[in-house]
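S.K.: Have a look at this one.
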Amino acid sequence: MAAVWSDALTDLCMFVRNAAAMGQSNQVAANSTGVVSDIIGTIRVMLRCEMTYPEAKTCGAVAGQALSNMATNNKPLQQQLMESEICDCKSPIESIYLYLLASTNSKTNMAGLMLILNTIKDDDSLAKLLCTTETGQMLAGRIGEMFGESNDDEADEKAMLYVILEEIIQRGHLTQLLTTDPELEAYGLLNALAVYCNENPGSLVYSQIFDMSLLTAITRILTKCHDLLQNVWKSADGSELGDVGMDDIMAAHRSLASTVSILGTITTDIEQQLAVRVLDSGVIHQVIAILGLLSQNLPRIEKASTASTQPETESGLIKRLFMFKCSLIQIIGNISHNNTSAQDLIRELHGLALVLDHMRIDDNHPFIKEYAVVALRSLLENNPTSQAYVSDMEAKGVVQDPKLTSAGIQASLDSSGHLSVKREVGTTKSNVKDNSGT
């Protein structure tokens, strides 16, 4: 009997959907006669039991499409829905928008996304409501989450998600979604921002979007990534993973990946005013702090043959997730290019020393030496103080190579800092050849 009633209700919703798509007069009639309220009620009832009854899932999707069609180009209804389902909604999870996005039916999701897009497109006041109210922020967060979780870049749903987030970004409302207390789970919003920056290059665009509030939010994201990783690698040898769960670690990985992409893009040929904001926001402080943490916990591999052949442990997997040293060095080089203030700040934060420390081969990070060389040029250019800092650095000791030691060869520094190599007494050439494997 339930299936019969569901099928009949689906047919009615289909009639409303098709009628609403045929003209504005039908939309007005549907609203004035209470059909909109009936459709919203149908959506709630059907989606509550869609997991139990397949017919309910179908009916909910058609009802969602009907509501979306009725609101298309219908500003009074769009305003009415935003006020009742976003502003005045007593329980955010009861909002009809969230019902549509929470469905397991992709068609229902698309109906909800189309309804949201038609509502906020070319309407700054409604877009602002979406990003400043409690229910709206939860809804926007869900949109960002769906975008971040989607792995199919060609899917219609992901394209729709991005168009909505693009609308939010262009209107400068992303700041409201990230500034309250940004969580690492906001990686979807950050991912959308990274895509937007890549697709809309230009210092003017970046200067308009990246105000101090948004840059401060990005700094907080970086701080949380740093603190989480510090907790993960709290033991001296990195074997103890702390009390951090893999879900949190994956969220940190995704957030850091998106943030590094954003910073790498906007600091390339950065405009002076934006560069000042970036420096004042504390972003570079955290970039250097994370680079230092990764350098401490991701051991350098100078030859591929020295890499472990043992099965990968959870600790090894986590380390492989955070191979961002090249990108962080690139950001440091970008921001310091033709910028004495940035050069001085980075030197004072020990960022210059960190970059110098990476001017060696590391098979874990191909081309990291080249990244470091380019960054070093930007850090030292037209900066006598930084140049003197590097010139005054002296070798403190020699790291002994185990193969050379076993072959009886020792390297050392004399009092003048010059390197000398000598063979231990009693070591024959044949022994050296055999032990070195040459």
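All residue names refer to the structure tokens as shown: chains lettered A, B, ... in order, residues numbered from 1 in each chain, ligands numbered from 1 in order.
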Give me, as a PDB file with N, CA and C atoms, in the first residue's frame, all polymer residues having an atom no more than 12 Å from region 221-225 of chain A, counting only C-alpha atoms and skipping those fewer than 6 positions away in the same chain.
M.R.:
```
ATOM      1  N   LEU A 178      35.145  31.049   7.091  1.00  0.00           N
ATOM      2  CA  LEU A 178      36.415  30.546   7.614  1.00  0.00           C
ATOM      3  C   LEU A 178      36.921  31.291   8.848  1.00  0.00           C
ATOM      4  N   THR A 179      36.400  32.479   9.111  1.00  0.00           N
ATOM      5  CA  THR A 179      37.021  33.309  10.140  1.00  0.00           C
ATOM      6  C   THR A 179      36.535  33.023  11.554  1.00  0.00           C
ATOM      7  N   THR A 180      35.378  32.410  11.734  1.00  0.00           N
ATOM      8  CA  THR A 180      34.884  32.191  13.095  1.00  0.00           C
ATOM      9  C   THR A 180      35.885  31.356  13.891  1.00  0.00           C
ATOM     10  N   ASP A 181      36.145  30.155  13.463  1.00  0.00           N
ATOM     11  CA  ASP A 181      37.202  29.308  14.026  1.00  0.00           C
ATOM     12  C   ASP A 181      37.407  28.173  13.030  1.00  0.00           C
ATOM     13  N   PRO A 182      38.190  28.420  11.998  1.00  0.00           N
ATOM     14  CA  PRO A 182      38.298  27.454  10.905  1.00  0.00           C
ATOM     15  C   PRO A 182      38.802  26.092  11.376  1.00  0.00           C
ATOM     16  N   GLU A 183      38.128  25.062  10.959  1.00  0.00           N
ATOM     17  CA  GLU A 183      38.516  23.700  11.303  1.00  0.00           C
ATOM     18  C   GLU A 183      39.232  23.068  10.123  1.00  0.00           C
ATOM     19  N   LEU A 184      39.990  22.021  10.405  1.00  0.00           N
ATOM     20  CA  LEU A 184      40.701  21.325   9.333  1.00  0.00           C
ATOM     21  C   LEU A 184      39.728  20.658   8.373  1.00  0.00           C
ATOM     22  N   GLU A 185      38.508  20.399   8.851  1.00  0.00           N
ATOM     23  CA  GLU A 185      37.497  19.785   7.970  1.00  0.00           C
ATOM     24  C   GLU A 185      37.013  20.749   6.887  1.00  0.00           C
ATOM     25  N   ALA A 186      37.479  21.996   6.941  1.00  0.00           N
ATOM     26  CA  ALA A 186      37.094  22.976   5.915  1.00  0.00           C
ATOM     27  C   ALA A 186      37.928  22.832   4.656  1.00  0.00           C
ATOM     28  N   TYR A 187      38.592  21.689   4.497  1.00  0.00           N
ATOM     29  CA  TYR A 187      39.474  21.520   3.337  1.00  0.00           C
ATOM     30  C   TYR A 187      38.733  21.644   2.020  1.00  0.00           C
ATOM     31  N   LEU A 189      36.329  23.810   1.253  1.00  0.00           N
ATOM     32  CA  LEU A 189      36.281  25.231   0.936  1.00  0.00           C
ATOM     33  C   LEU A 189      37.651  25.725   0.477  1.00  0.00           C
ATOM     34  N   LEU A 190      38.697  25.256   1.144  1.00  0.00           N
ATOM     35  CA  LEU A 190      40.058  25.637   0.755  1.00  0.00           C
ATOM     36  C   LEU A 190      40.398  25.094  -0.628  1.00  0.00           C
ATOM     37  N   LEU A 214      40.691  36.863   5.739  1.00  0.00           N
ATOM     38  CA  LEU A 214      40.869  35.569   5.087  1.00  0.00           C
ATOM     39  C   LEU A 214      42.291  35.051   5.307  1.00  0.00           C
ATOM     40  N   LEU A 215      43.285  35.920   5.228  1.00  0.00           N
ATOM     41  CA  LEU A 215      44.668  35.493   5.451  1.00  0.00           C
ATOM     42  C   LEU A 215      44.882  35.051   6.896  1.00  0.00           C
ATOM     43  N   ASN A 231      51.919  16.912  17.431  1.00  0.00           N
ATOM     44  CA  ASN A 231      51.383  15.895  18.330  1.00  0.00           C
ATOM     45  C   ASN A 231      51.602  14.495  17.777  1.00  0.00           C
ATOM     46  N   VAL A 232      51.477  14.365  16.454  1.00  0.00           N
ATOM     47  CA  VAL A 232      51.693  13.064  15.817  1.00  0.00           C
ATOM     48  C   VAL A 232      53.138  12.607  16.004  1.00  0.00           C
ATOM     49  N   VAL A 244      46.259  11.083  17.941  1.00  0.00           N
ATOM     50  CA  VAL A 244      45.550  11.680  16.804  1.00  0.00           C
ATOM     51  C   VAL A 244      45.023  10.578  15.897  1.00  0.00           C
ATOM     52  N   ASP A 248      41.564  12.766  11.397  1.00  0.00           N
ATOM     53  CA  ASP A 248      42.123  14.101  11.632  1.00  0.00           C
ATOM     54  C   ASP A 248      43.389  14.309  10.803  1.00  0.00           C
ATOM     55  N   ILE A 249      44.201  13.258  10.700  1.00  0.00           N
ATOM     56  CA  ILE A 249      45.437  13.358   9.922  1.00  0.00           C
ATOM     57  C   ILE A 249      45.120  13.586   8.449  1.00  0.00           C
ATOM     58  N   MET A 250      44.121  12.868   7.923  1.00  0.00           N
ATOM     59  CA  MET A 250      43.739  13.059   6.522  1.00  0.00           C
ATOM     60  C   MET A 250      43.166  14.453   6.289  1.00  0.00           C
ATOM     61  N   ALA A 251      42.385  14.962   7.255  1.00  0.00           N
ATOM     62  CA  ALA A 251      41.843  16.324   7.127  1.00  0.00           C
ATOM     63  C   ALA A 251      42.975  17.345   7.112  1.00  0.00           C
ATOM     64  N   ALA A 252      43.994  17.114   7.958  1.00  0.00           N
ATOM     65  CA  ALA A 252      45.151  18.019   7.972  1.00  0.00           C
ATOM     66  C   ALA A 252      45.904  17.959   6.653  1.00  0.00           C
ATOM     67  N   HIS A 253      46.055  16.754   6.121  1.00  0.00           N
ATOM     68  CA  HIS A 253      46.735  16.594   4.826  1.00  0.00           C
ATOM     69  C   HIS A 253      46.011  17.360   3.728  1.00  0.00           C
ATOM     70  N   ARG A 254      44.696  17.208   3.666  1.00  0.00           N
ATOM     71  CA  ARG A 254      43.925  17.866   2.618  1.00  0.00           C
ATOM     72  C   ARG A 254      43.916  19.383   2.792  1.00  0.00           C
ATOM     73  N   SER A 255      43.784  19.832   4.041  1.00  0.00           N
ATOM     74  CA  SER A 255      43.793  21.271   4.296  1.00  0.00           C
ATOM     75  C   SER A 255      45.149  21.878   3.947  1.00  0.00           C
ATOM     76  N   LEU A 256      46.225  21.186   4.348  1.00  0.00           N
ATOM     77  CA  LEU A 256      47.562  21.708   4.079  1.00  0.00           C
ATOM     78  C   LEU A 256      47.854  21.701   2.583  1.00  0.00           C
ATOM     79  N   ALA A 257      47.423  20.654   1.895  1.00  0.00           N
ATOM     80  CA  ALA A 257      47.644  20.584   0.445  1.00  0.00           C
ATOM     81  C   ALA A 257      46.955  21.746  -0.266  1.00  0.00           C
ATOM     82  N   SER A 258      45.712  22.021   0.105  1.00  0.00           N
ATOM     83  CA  SER A 258      44.972  23.124  -0.530  1.00  0.00           C
ATOM     84  C   SER A 258      45.582  24.476  -0.168  1.00  0.00           C
ATOM     85  N   THR A 259      45.958  24.643   1.100  1.00  0.00           N
ATOM     86  CA  THR A 259      46.519  25.912   1.545  1.00  0.00           C
ATOM     87  C   THR A 259      47.858  26.193   0.879  1.00  0.00           C
ATOM     88  N   VAL A 260      48.698  25.177   0.776  1.00  0.00           N
ATOM     89  CA  VAL A 260      49.989  25.343   0.115  1.00  0.00           C
ATOM     90  C   VAL A 260      49.790  25.706  -1.357  1.00  0.00           C
ATOM     91  N   LEU A 263      48.709  29.434  -1.476  1.00  0.00           N
ATOM     92  CA  LEU A 263      49.817  30.355  -1.201  1.00  0.00           C
ATOM     93  C   LEU A 263      50.852  30.340  -2.321  1.00  0.00           C
ATOM     94  N   SER A 281      49.941  38.988   8.384  1.00  0.00           N
ATOM     95  CA  SER A 281      48.955  38.005   8.855  1.00  0.00           C
ATOM     96  C   SER A 281      49.571  36.863   9.646  1.00  0.00           C
ATOM     97  N   GLY A 282      50.882  36.678   9.530  1.00  0.00           N
ATOM     98  CA  GLY A 282      51.525  35.557  10.218  1.00  0.00           C
ATOM     99  C   GLY A 282      51.603  34.293   9.389  1.00  0.00           C
ATOM    100  N   VAL A 283      51.167  34.359   8.137  1.00  0.00           N
ATOM    101  CA  VAL A 283      51.197  33.180   7.274  1.00  0.00           C
ATOM    102  C   VAL A 283      52.623  32.645   7.127  1.00  0.00           C
ATOM    103  N   ILE A 284      53.585  33.544   6.874  1.00  0.00           N
ATOM    104  CA  ILE A 284      54.960  33.101   6.638  1.00  0.00           C
ATOM    105  C   ILE A 284      55.566  32.492   7.903  1.00  0.00           C
ATOM    106  N   HIS A 285      55.187  33.002   9.060  1.00  0.00           N
ATOM    107  CA  HIS A 285      55.650  32.400  10.312  1.00  0.00           C
ATOM    108  C   HIS A 285      55.293  30.915  10.360  1.00  0.00           C
ATOM    109  N   GLN A 286      54.051  30.619   9.976  1.00  0.00           N
ATOM    110  CA  GLN A 286      53.597  29.234  10.040  1.00  0.00           C
ATOM    111  C   GLN A 286      54.174  28.384   8.908  1.00  0.00           C
ATOM    112  N   VAL A 287      54.393  28.984   7.744  1.00  0.00           N
ATOM    113  CA  VAL A 287      55.025  28.260   6.642  1.00  0.00           C
ATOM    114  C   VAL A 287      56.418  27.787   7.070  1.00  0.00           C
ATOM    115  N   ILE A 288      57.160  28.674   7.700  1.00  0.00           N
ATOM    116  CA  ILE A 288      58.513  28.325   8.152  1.00  0.00           C
ATOM    117  C   ILE A 288      58.454  27.296   9.277  1.00  0.00           C
ATOM    118  N   ALA A 289      57.493  27.466  10.194  1.00  0.00           N
ATOM    119  CA  ALA A 289      57.366  26.519  11.305  1.00  0.00           C
ATOM    120  C   ALA A 289      57.053  25.112  10.797  1.00  0.00           C
ATOM    121  N   ILE A 290      56.168  25.005   9.807  1.00  0.00           N
ATOM    122  CA  ILE A 290      55.823  23.691   9.258  1.00  0.00           C
ATOM    123  C   ILE A 290      56.995  23.110   8.483  1.00  0.00           C
ATOM    124  N   LEU A 291      57.708  23.952   7.738  1.00  0.00           N
ATOM    125  CA  LEU A 291      58.888  23.469   7.015  1.00  0.00           C
ATOM    126  C   LEU A 291      59.913  22.917   8.001  1.00  0.00           C
ATOM    127  N   LEU A 293      59.308  21.679  10.966  1.00  0.00           N
ATOM    128  CA  LEU A 293      58.773  20.437  11.535  1.00  0.00           C
ATOM    129  C   LEU A 293      58.923  19.273  10.564  1.00  0.00           C
ATOM    130  N   LEU A 294      58.622  19.522   9.289  1.00  0.00           N
ATOM    131  CA  LEU A 294      58.764  18.466   8.284  1.00  0.00           C
ATOM    132  C   LEU A 294      60.239  18.092   8.103  1.00  0.00           C
ATOM    133  N   PHE A 322      52.782  13.996   3.858  1.00  0.00           N
ATOM    134  CA  PHE A 322      53.130  15.395   4.090  1.00  0.00           C
ATOM    135  C   PHE A 322      54.441  15.771   3.402  1.00  0.00           C
ATOM    136  N   LEU A 328      56.689  24.474   0.166  1.00  0.00           N
ATOM    137  CA  LEU A 328      56.897  25.465   1.216  1.00  0.00           C
ATOM    138  C   LEU A 328      58.115  26.329   0.910  1.00  0.00           C
TER     139      LEU A 328
END
```
S.K.: Near Ser295 (chain A), counting only C-alpha atoms, which residues have an atom at most 9 Å away, once you skip same-chain residues fewer than 5 positions from it, shown as JSON, numbers by chain?
M.R.: {"A": [290, 300, 325, 354, 358]}
S.K.: Write the residues of the selection above to a file with C-alpha atoms, as a CSV table (one decimal), in the first residue's frame.
M.R.:
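And here's again_28.csv as it stands now:
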```csv
chain,number,residue,atom,x,y,z
A,290,ILE,CA,55.8,23.7,9.3
A,300,ARG,CA,66.5,13.0,3.9
A,325,LYS,CA,58.8,20.7,1.6
A,354,LEU,CA,66.2,26.2,6.7
A,358,HIS,CA,67.8,21.8,1.9
```
S.K.: Of the candidates A:Gln137, A:Thr10, A:Thr265, A:Asn339, which shows the shortest atom-to-atom distance to Tyr97 (chain A), using only C-alpha atoms?
M.R.: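 Looking at the shortest contact to Tyr97 (chain A), the residue is A:Gln137.
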S.K.: Using only C-alpha atoms, pick whichever of A:Gly136, A:Ser391, A:Cys49, A:Gly245 has the shortest atom-to-atom distance to Cys89 (chain A).
M.R.: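 Checking each candidate against Cys89 (chain A), we get A:Gly136 as the closest.
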S.K.: Residues of region 109-199 of chain A classed as alpha helix (DSSP H) by DSSP on the backbone are to be reported as a ChimeraX atom specification.
M.R.: /A:109-120,124-132,134-149,156-170,174-178,187-199
